[in-house]
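Enquirer: Here you go, this is data38.txt (compact mmCIF, C-alpha atoms).
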```
# COMPACT_ATOMS: atom_id res chain seq x y z
CA MET A 1 124.94 153.75 143.80
CA THR A 2 125.24 150.71 141.56
CA ASN A 3 123.58 150.59 138.18
CA THR A 4 120.38 148.61 138.61
CA ALA A 5 119.25 148.94 135.00
CA SER A 6 119.56 146.05 132.58
CA PRO A 7 121.23 147.48 129.51
CA ILE A 8 120.75 145.72 126.23
CA VAL A 9 124.39 146.37 125.38
CA ALA A 10 126.96 147.13 128.06
CA SER A 11 128.52 150.57 127.85
CA PRO A 12 132.06 150.39 126.51
CA ALA A 13 134.62 150.86 129.29
CA VAL A 14 136.99 153.75 128.66
CA SER A 15 139.51 155.39 130.95
CA PRO A 16 139.02 158.94 132.32
CA ARG A 17 141.88 160.10 130.10
CA GLU A 18 140.19 158.61 127.01
CA GLU A 19 136.95 160.35 127.98
CA ARG A 20 138.74 163.70 128.21
CA VAL A 21 140.37 163.13 124.83
CA GLY A 22 136.97 162.21 123.39
CA MET A 23 135.40 165.38 124.76
CA LEU A 24 138.21 167.49 123.27
CA LEU A 25 137.89 165.86 119.84
CA VAL A 26 134.11 166.29 119.75
CA PHE A 27 134.53 169.94 120.74
CA LEU A 28 137.06 170.38 117.91
CA SER A 29 134.56 168.82 115.50
CA ALA A 30 131.97 171.40 116.57
CA LEU A 31 134.60 174.12 116.13
CA MET A 32 135.33 173.00 112.55
CA TRP A 33 131.62 172.77 111.75
CA SER A 34 131.01 176.24 113.19
CA PHE A 35 132.96 177.77 110.29
CA GLY A 36 130.34 176.51 107.80
CA GLY A 37 128.18 179.64 107.77
CA THR A 38 131.14 181.97 107.42
CA ILE A 39 132.63 179.98 104.53
CA ALA A 40 129.26 179.64 102.79
CA ARG A 41 128.84 183.44 102.83
CA PHE A 42 131.83 183.72 100.46
CA ILE A 43 130.45 181.20 97.91
CA THR A 44 128.58 182.82 95.00
CA VAL A 45 127.42 179.73 93.04
CA GLY A 46 123.63 179.56 93.10
CA ASP A 47 122.94 175.83 92.75
CA SER A 48 122.81 174.09 96.13
CA TRP A 49 123.55 170.71 94.55
CA THR A 50 126.73 172.07 92.98
CA VAL A 51 127.83 173.18 96.44
CA ILE A 52 126.94 169.77 97.90
CA PHE A 53 128.89 167.97 95.16
CA TRP A 54 132.15 169.89 95.48
CA ARG A 55 131.96 170.11 99.26
CA SER A 56 131.48 166.35 99.49
CA VAL A 57 134.20 165.57 96.92
CA TRP A 58 136.79 167.62 98.80
CA ALA A 59 135.72 166.15 102.14
CA ALA A 60 135.95 162.59 100.77
CA ALA A 61 139.39 163.27 99.29
CA PHE A 62 140.62 164.64 102.61
CA LEU A 63 139.27 161.69 104.61
CA VAL A 64 140.78 159.14 102.22
CA CYS A 65 144.17 160.86 102.41
CA PHE A 66 143.88 161.03 106.21
CA MET A 67 143.17 157.30 106.51
CA VAL A 68 145.90 156.34 104.03
CA TRP A 69 148.41 158.50 105.90
CA ARG A 70 147.40 156.95 109.21
CA ASP A 71 146.75 153.33 108.24
CA GLY A 72 148.15 152.80 104.72
CA TRP A 73 146.18 151.58 101.70
CA ARG A 74 145.67 148.06 103.05
CA GLY A 75 144.68 149.37 106.44
CA THR A 76 142.23 151.80 104.87
CA LEU A 77 140.56 149.08 102.82
CA LYS A 78 140.37 146.93 105.96
CA LEU A 79 138.71 149.78 107.84
CA PHE A 80 136.00 150.02 105.17
CA HIS A 81 135.53 146.25 105.30
CA ASP A 82 135.39 146.06 109.10
CA MET A 83 132.97 148.94 109.71
CA GLY A 84 130.05 146.63 108.80
CA LEU A 85 126.42 147.62 109.18
CA PRO A 86 127.05 150.17 111.97
CA GLY A 87 129.46 152.03 109.68
CA LEU A 88 127.02 151.87 106.78
CA ALA A 89 124.27 153.29 108.99
CA VAL A 90 126.50 156.14 110.18
CA GLY A 91 127.54 156.86 106.58
CA ILE A 92 123.92 157.12 105.49
CA CYS A 93 123.14 159.38 108.46
CA PHE A 94 125.94 161.81 107.65
CA ALA A 95 125.19 161.78 103.92
CA THR A 96 121.56 162.64 104.66
CA ALA A 97 122.37 165.31 107.25
CA SER A 98 125.06 167.09 105.21
CA THR A 99 122.86 167.11 102.11
CA ALA A 100 119.75 168.24 103.97
CA PHE A 101 121.66 171.11 105.59
CA VAL A 102 122.62 172.76 102.30
CA VAL A 103 119.22 172.14 100.68
CA ALA A 104 117.29 173.35 103.74
CA LEU A 105 118.97 176.75 103.51
CA ALA A 106 117.02 177.37 100.29
CA TYR A 107 113.66 176.77 102.01
CA THR A 108 113.93 178.06 105.57
CA THR A 109 116.00 180.34 107.75
CA VAL A 110 119.25 179.40 109.45
CA ALA A 111 117.47 180.22 112.70
CA ASN A 112 114.90 177.48 112.13
CA ILE A 113 117.62 174.96 111.34
CA LEU A 114 119.60 175.87 114.46
CA LEU A 115 116.50 175.61 116.62
CA MET A 116 115.83 172.11 115.29
CA GLN A 117 119.48 171.14 115.81
CA ALA A 118 119.26 172.32 119.40
CA GLY A 119 117.14 169.24 120.01
CA VAL A 120 120.00 166.89 119.05
CA PRO A 121 121.23 166.36 122.66
CA LEU A 122 117.73 165.51 123.83
CA LEU A 123 117.08 163.18 120.90
CA ALA A 124 120.45 161.45 121.35
CA ALA A 125 119.85 160.97 125.05
CA LEU A 126 116.36 159.61 124.42
CA PHE A 127 117.55 157.21 121.69
CA ALA A 128 120.45 155.97 123.86
CA TRP A 129 118.14 155.46 126.83
CA ALA A 130 115.30 153.85 124.87
CA LEU A 131 117.44 151.53 122.74
CA PHE A 132 120.38 150.72 125.00
CA ARG A 133 119.30 151.84 128.48
CA GLU A 134 122.27 154.22 128.67
CA ARG A 135 121.65 156.17 131.83
CA VAL A 136 121.40 159.94 131.66
CA GLY A 137 121.98 161.75 134.95
CA VAL A 138 119.86 164.61 136.26
CA ALA A 139 122.70 167.11 135.73
CA THR A 140 122.92 166.14 132.04
CA TRP A 141 119.18 166.59 131.58
CA VAL A 142 119.39 170.01 133.24
CA ALA A 143 122.30 170.99 130.96
CA ILE A 144 120.38 169.79 127.91
CA ALA A 145 117.37 171.88 128.95
CA ALA A 146 119.61 174.93 129.43
CA VAL A 147 121.20 174.43 126.00
CA ILE A 148 117.83 174.18 124.28
CA THR A 149 116.62 177.28 126.15
CA GLY A 150 119.74 179.25 125.23
CA VAL A 151 119.63 178.38 121.54
CA ALA A 152 115.89 179.14 121.49
CA ILE A 153 116.65 182.62 122.88
CA MET A 154 119.34 183.09 120.24
CA VAL A 155 117.11 182.33 117.27
CA SER A 156 113.76 183.58 118.59
CA GLU A 157 114.33 187.04 117.16
CA SER A 158 114.53 185.65 113.63
CA LEU A 159 111.42 183.47 113.81
CA ASP A 160 108.83 185.50 111.91
CA GLY A 161 106.12 182.87 111.76
CA ALA A 162 106.74 181.96 108.11
CA VAL A 163 106.80 178.19 108.10
CA SER A 164 108.16 176.08 105.27
CA PRO A 165 107.11 172.45 105.64
CA ILE A 166 109.94 171.33 103.35
CA GLY A 167 112.61 173.41 105.04
CA ASP A 168 111.54 172.64 108.58
CA GLY A 169 111.12 168.97 107.70
CA LEU A 170 114.69 168.88 106.39
CA ALA A 171 115.91 170.67 109.51
CA LEU A 172 114.22 168.08 111.70
CA LEU A 173 115.73 165.33 109.56
CA ILE A 174 119.20 166.76 110.20
CA ALA A 175 118.65 166.61 113.96
CA VAL A 176 117.35 163.04 113.85
CA MET A 177 120.17 161.79 111.59
CA PHE A 178 122.88 163.41 113.68
CA SER A 179 121.35 162.01 116.88
CA VAL A 180 121.24 158.49 115.45
CA ALA A 181 124.84 158.76 114.21
CA THR A 182 125.96 159.93 117.66
CA VAL A 183 124.30 157.01 119.43
CA ILE A 184 125.57 154.40 116.94
CA THR A 185 129.12 155.75 117.11
CA ARG A 186 129.07 155.51 120.91
CA ARG A 187 127.46 152.07 121.12
CA PHE A 188 129.86 150.56 118.57
CA SER A 189 132.95 152.29 119.95
CA GLY A 190 135.14 149.40 118.80
CA VAL A 191 134.34 150.25 115.18
CA ARG A 192 136.43 152.96 113.56
CA MET A 193 133.87 155.35 112.08
CA THR A 194 136.19 157.52 109.98
CA PRO A 195 135.57 155.34 106.89
CA ALA A 196 131.84 155.58 107.61
CA THR A 197 131.95 159.37 107.52
CA CYS A 198 134.00 159.14 104.31
CA LEU A 199 131.35 156.86 102.84
CA GLY A 200 128.76 159.46 103.80
CA THR A 201 130.54 162.17 101.81
CA MET A 202 130.82 159.81 98.83
CA LEU A 203 127.11 159.01 98.97
CA ALA A 204 126.25 162.72 99.16
CA ALA A 205 128.49 163.52 96.19
CA GLY A 206 127.07 160.63 94.19
CA PHE A 207 123.49 161.78 94.73
CA ALA A 208 124.40 165.41 93.98
CA VAL A 209 125.71 164.33 90.56
CA SER A 210 122.18 163.43 89.53
CA GLN A 211 120.75 166.75 90.77
CA ALA A 212 123.29 169.48 90.00
CA SER A 213 122.66 171.72 87.01
CA THR A 214 126.35 172.54 86.58
CA PHE A 215 129.73 171.60 88.03
CA THR A 216 131.55 174.69 86.75
CA VAL A 217 132.52 177.20 89.42
CA SER A 218 134.90 180.16 89.59
CA VAL A 219 138.43 179.84 90.94
CA SER A 220 137.53 181.80 94.07
CA ASP A 221 134.43 179.69 94.67
CA MET A 222 136.50 176.51 94.26
CA GLY A 223 138.88 177.77 96.93
CA PHE A 224 136.03 178.35 99.35
CA LEU A 225 134.42 175.02 98.42
CA PHE A 226 137.77 173.36 99.20
CA ALA A 227 137.71 174.94 102.68
CA PHE A 228 134.01 174.09 103.01
CA GLY A 229 134.76 170.45 102.30
CA VAL A 230 138.18 169.88 103.90
CA VAL A 231 138.16 172.13 106.97
CA ASN A 232 134.47 172.45 107.75
CA LEU A 233 133.18 168.99 106.80
CA GLY A 234 136.10 166.57 106.44
CA LEU A 235 138.19 167.59 109.44
CA GLY A 236 135.05 167.99 111.53
CA LEU A 237 133.90 164.48 110.64
CA ALA A 238 137.35 163.03 111.40
CA PHE A 239 137.38 164.64 114.85
CA PHE A 240 133.80 163.56 115.58
CA ALA A 241 134.22 159.96 114.44
CA THR A 242 137.33 159.57 116.59
CA GLY A 243 136.02 161.27 119.72
CA ALA A 244 132.31 160.39 119.90
CA ARG A 245 133.03 156.69 120.49
CA LEU A 246 134.82 157.56 123.75
CA ILE A 247 132.07 159.50 125.53
CA PRO A 248 128.32 159.04 126.26
CA ALA A 249 126.02 160.00 123.41
CA ALA A 250 124.28 162.75 125.40
CA ILE A 251 127.57 164.49 126.19
CA ALA A 252 128.80 164.17 122.60
CA ALA A 253 125.63 165.81 121.33
CA LEU A 254 125.83 168.42 124.08
CA LEU A 255 129.37 169.43 123.06
CA GLY A 256 128.17 169.55 119.46
CA THR A 257 125.97 172.51 120.34
CA PHE A 258 129.08 174.69 120.35
CA GLU A 259 128.56 174.77 116.57
CA PRO A 260 125.46 177.03 116.60
CA ILE A 261 127.03 179.11 119.36
CA LEU A 262 130.39 179.79 117.70
CA GLY A 263 128.96 180.13 114.18
CA PRO A 264 127.45 183.61 114.69
CA ILE A 265 130.68 184.79 116.36
CA TRP A 266 132.78 184.00 113.26
CA VAL A 267 130.22 185.70 111.02
CA TRP A 268 130.36 188.75 113.27
CA LEU A 269 134.18 188.89 113.30
CA ILE A 270 134.71 188.16 109.59
CA HIS A 271 131.59 189.61 107.94
CA SER A 272 131.00 192.43 110.48
CA GLU A 273 127.49 191.19 111.29
CA VAL A 274 126.90 192.22 114.89
CA PRO A 275 124.96 189.58 116.88
CA SER A 276 121.66 190.72 118.36
CA GLY A 277 121.09 191.10 122.08
CA ARG A 278 119.15 187.84 122.21
CA THR A 279 121.96 186.03 120.44
CA ILE A 280 124.45 187.24 123.05
CA ILE A 281 122.14 186.32 125.95
CA GLY A 282 121.27 182.90 124.54
CA GLY A 283 124.90 182.17 123.72
CA ALA A 284 125.91 183.05 127.27
CA VAL A 285 123.30 180.64 128.65
CA VAL A 286 124.51 177.79 126.45
CA VAL A 287 128.24 178.36 127.01
CA THR A 288 127.69 178.58 130.78
CA ALA A 289 125.68 175.35 130.81
CA LEU A 290 128.32 173.54 128.76
CA LEU A 291 131.26 174.77 130.83
CA VAL A 292 129.55 173.91 134.13
CA HIS A 293 128.60 170.46 132.89
CA ILE A 294 132.08 169.76 131.53
CA GLY A 295 133.57 170.95 134.84
CA LEU A 296 131.33 168.52 136.73
CA GLU A 297 132.44 165.72 134.40
CA PHE A 298 136.11 166.40 135.08
CA LYS A 299 135.39 166.56 138.82
CA ARG A 300 133.54 163.24 138.69
CA GLN A 301 136.38 161.59 136.80
CA ALA A 302 138.94 162.87 139.31
CA ARG A 303 137.08 161.37 142.29
CA PRO A 304 138.39 157.97 143.46
CA GLU A 305 135.93 155.12 143.24
CA ARG A 306 134.12 154.40 146.49
CA ALA A 307 134.41 150.99 148.05
CA GLY A 308 131.69 148.67 146.88
CA VAL A 309 130.86 150.64 143.74
CA THR A 310 131.20 148.65 140.54
CA GLY A 311 130.38 149.06 136.91
CA VAL A 312 130.81 151.94 134.53
CA PRO A 313 129.85 155.29 136.12
CA SER A 314 126.87 156.98 134.53
CA PRO A 315 127.21 160.52 133.12
CA ASN A 316 126.32 163.30 135.53
```
What's the structure tokens form of this structure?

Expert:
Amino acid sequence: MTNTASPIVASPAVSPREERVGMLLVFLSALMWSFGGTIARFITVGDSWTVIFWRSVWAAAFLVCFMVWRDGWRGTLKLFHDMGLPGLAVGICFATASTAFVVALAYTTVANILLMQAGVPLLAALFAWALFRERVGVATWVAIAAVITGVAIMVSESLDGAVSPIGDGLALLIAVMFSVATVITRRFSGVRMTPATCLGTMLAAGFAVSQASTFTVSVSDMGFLFAFGVVNLGLGLAFFATGARLIPAAIAALLGTFEPILGPIWVWLIHSEVPSGRTIIGGAVVVTALLVHIGLEFKRQARPERAGVTGVPSPN
């Protein structure tokens, strides 16, 4: 069936191979981000703003080195210049989300934050549809509903009814910012967003300077903060910025939900914290939904175009 909608901005045309690469890169970003909880468990410094500062500094340093290695100094400066307002918006989104994540942990449970983040696929799909008329197929909506259900099962055991307006507000802010960044990255796929994510880490570090009570940390903490910034944040942002522009916003956000699924597994393996029964059941629901949906995407891409069908195929 042809697309009868009237999109405000035409969806960028990418090849099936580019879509598969994009899906892989976004999955890898979720994998890198999933190590955050495990790494944070090793850090003993008590000031959240100190953690934000060093994490952001190391992430920014990694991203600058990555861009210089790939594009040279002149190319890197050109990337910052060419990212324009979309890049600035994405940078602000990531700075806000990464800062809010660390601060929110002091006010609410990880379970509450994960439950809020489970709404990212739905928010991204709604924003993409409302702003750009990017079509979202029935299968994608079903997968999104399954993901939200699965994550809700995972965290329901930890929800004790104690509500922190500040913590839950920050958790909701994370979901909104990440959804907006996902949609912008997809809609402006011609803009390289790696410098935007680097700008986000710089903004977060700059704000943390005015809030941190100390910048002195132990050698062991600095090692874990290095991993927290380079592996967890920097590498994750590099993968996401490169891959999210190649796939629909709803699918990018859907793949991103591997983060709250894999996170508890690493904590279990490394810190010997056995996941609860609900965590295992909910994780199984989410992983199944994601794998089925990704399988359908590969099957759709492998089908030859039917005669008379034009335009960019909508996500299933």

Enquirer: Would you mind telling me which residue in A:Ser48, A:Asp71, A:Gly190, A:Phe42 lies nearest to Met83 of chain A when using all atoms listed in the file?

Expert: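 Ranking A:Ser48, A:Asp71, A:Gly190, A:Phe42 by distance to Met83 of chain A, first place goes to A:Gly190.
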
Enquirer: Need to verify the contact set: segment 53-56 of chain A, 7 Å, all atoms listed in the file, exclusion of same-chain residues closer than 6 positions in sequence. Can you return it as a PyMOL selection string?

Expert: chain A and resi 201-202+204-205+208-209+225-226+228-229

Enquirer: Distance atom CA of Ala124 of chain A-atom CA of Val176 of chain A, one decimal place?

Expert: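 Those two atoms sit 8.3 Å apart.
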
Enquirer: Can you tell me, as a ChimeraX atom specification, what residues are no more than 12 Å from Leu25 of chain A when counting only C-alpha atoms, ignoring any on the same chain fewer than 4 positions away?

Expert: /A:18-21,29-32,235-247,252,255-256

Enquirer: Generate the output file for the selected residues, C-alpha atoms, as a PDB file, in the frame of the given file.

Expert:
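Once written, part-v5.pdb looks like this:
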```pdb
ATOM      1  CA  GLU A  18     140.190 158.610 127.010  1.00  0.00           C
ATOM      2  CA  GLU A  19     136.950 160.350 127.980  1.00  0.00           C
ATOM      3  CA  ARG A  20     138.740 163.700 128.210  1.00  0.00           C
ATOM      4  CA  VAL A  21     140.370 163.130 124.830  1.00  0.00           C
ATOM      5  CA  SER A  29     134.560 168.820 115.500  1.00  0.00           C
ATOM      6  CA  ALA A  30     131.970 171.400 116.570  1.00  0.00           C
ATOM      7  CA  LEU A  31     134.600 174.120 116.130  1.00  0.00           C
ATOM      8  CA  MET A  32     135.330 173.000 112.550  1.00  0.00           C
ATOM      9  CA  LEU A 235     138.190 167.590 109.440  1.00  0.00           C
ATOM     10  CA  GLY A 236     135.050 167.990 111.530  1.00  0.00           C
ATOM     11  CA  LEU A 237     133.900 164.480 110.640  1.00  0.00           C
ATOM     12  CA  ALA A 238     137.350 163.030 111.400  1.00  0.00           C
ATOM     13  CA  PHE A 239     137.380 164.640 114.850  1.00  0.00           C
ATOM     14  CA  PHE A 240     133.800 163.560 115.580  1.00  0.00           C
ATOM     15  CA  ALA A 241     134.220 159.960 114.440  1.00  0.00           C
ATOM     16  CA  THR A 242     137.330 159.570 116.590  1.00  0.00           C
ATOM     17  CA  GLY A 243     136.020 161.270 119.720  1.00  0.00           C
ATOM     18  CA  ALA A 244     132.310 160.390 119.900  1.00  0.00           C
ATOM     19  CA  ARG A 245     133.030 156.690 120.490  1.00  0.00           C
ATOM     20  CA  LEU A 246     134.820 157.560 123.750  1.00  0.00           C
ATOM     21  CA  ILE A 247     132.070 159.500 125.530  1.00  0.00           C
ATOM     22  CA  ALA A 252     128.800 164.170 122.600  1.00  0.00           C
ATOM     23  CA  LEU A 255     129.370 169.430 123.060  1.00  0.00           C
ATOM     24  CA  GLY A 256     128.170 169.550 119.460  1.00  0.00           C
TER      25      GLY A 256
END
```

Enquirer: Mind checking which residues fall within 12 Å of Gly75 of chain A, counting all atoms listed in the file, ignoring those fewer than 6 positions away in the same chain, and posting them as a list of chain:residue names?

Expert: A:Val64, A:Phe66, A:Met67, A:Val68, A:Trp69, A:His81, A:Asp82, A:Arg192, A:Pro195

Enquirer: Mind checking which residues fall within 12 Å of Asp47 of chain A, counting all atoms listed in the file, ignoring those fewer than 5 positions away in the same chain, and posting them as an NGL selection string?

Expert: :A and (52-54 or 102-103 or 105-106 or 208 or 211-217)

Enquirer: Considering all atoms listed in the file, can you say which of A:Ser179, A:Thr257, A:Thr76, A:Asn232 comes closest to Val287 of chain A?

Expert: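 Of the candidates, the smallest distance to Val287 of chain A is held by A:Thr257.
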
Enquirer: Between atom CA of Val51 of chain A and atom CA of Leu88 of chain A, what is the distance, to one decimal in Å?

Expert: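 Atom CA of Leu88 of chain A lies 23.7 Å from atom CA of Val51 of chain A.
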
Enquirer: Which neighbours of segment 258-271 of chain A fall inside 10 Å, counting only C-alpha atoms, when residues of the same chain fewer than 3 positions from it are skipped, and could you give them as an NGL selection string?

Expert: :A and (26-39 or 41-42 or 110-111 or 113-115 or 117-118 or 147 or 150-151 or 154-155 or 253-255 or 274-276 or 279-280 or 282-284 or 286-287 or 290)

Enquirer: Could you please determine the separation between atom CA of Gly91 of chain A and atom CA of Thr197 of chain A in Å, to one decimal place?

Expert: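 Computed distance, atom CA of Gly91 of chain A to atom CA of Thr197 of chain A, equals 5.2 Å.
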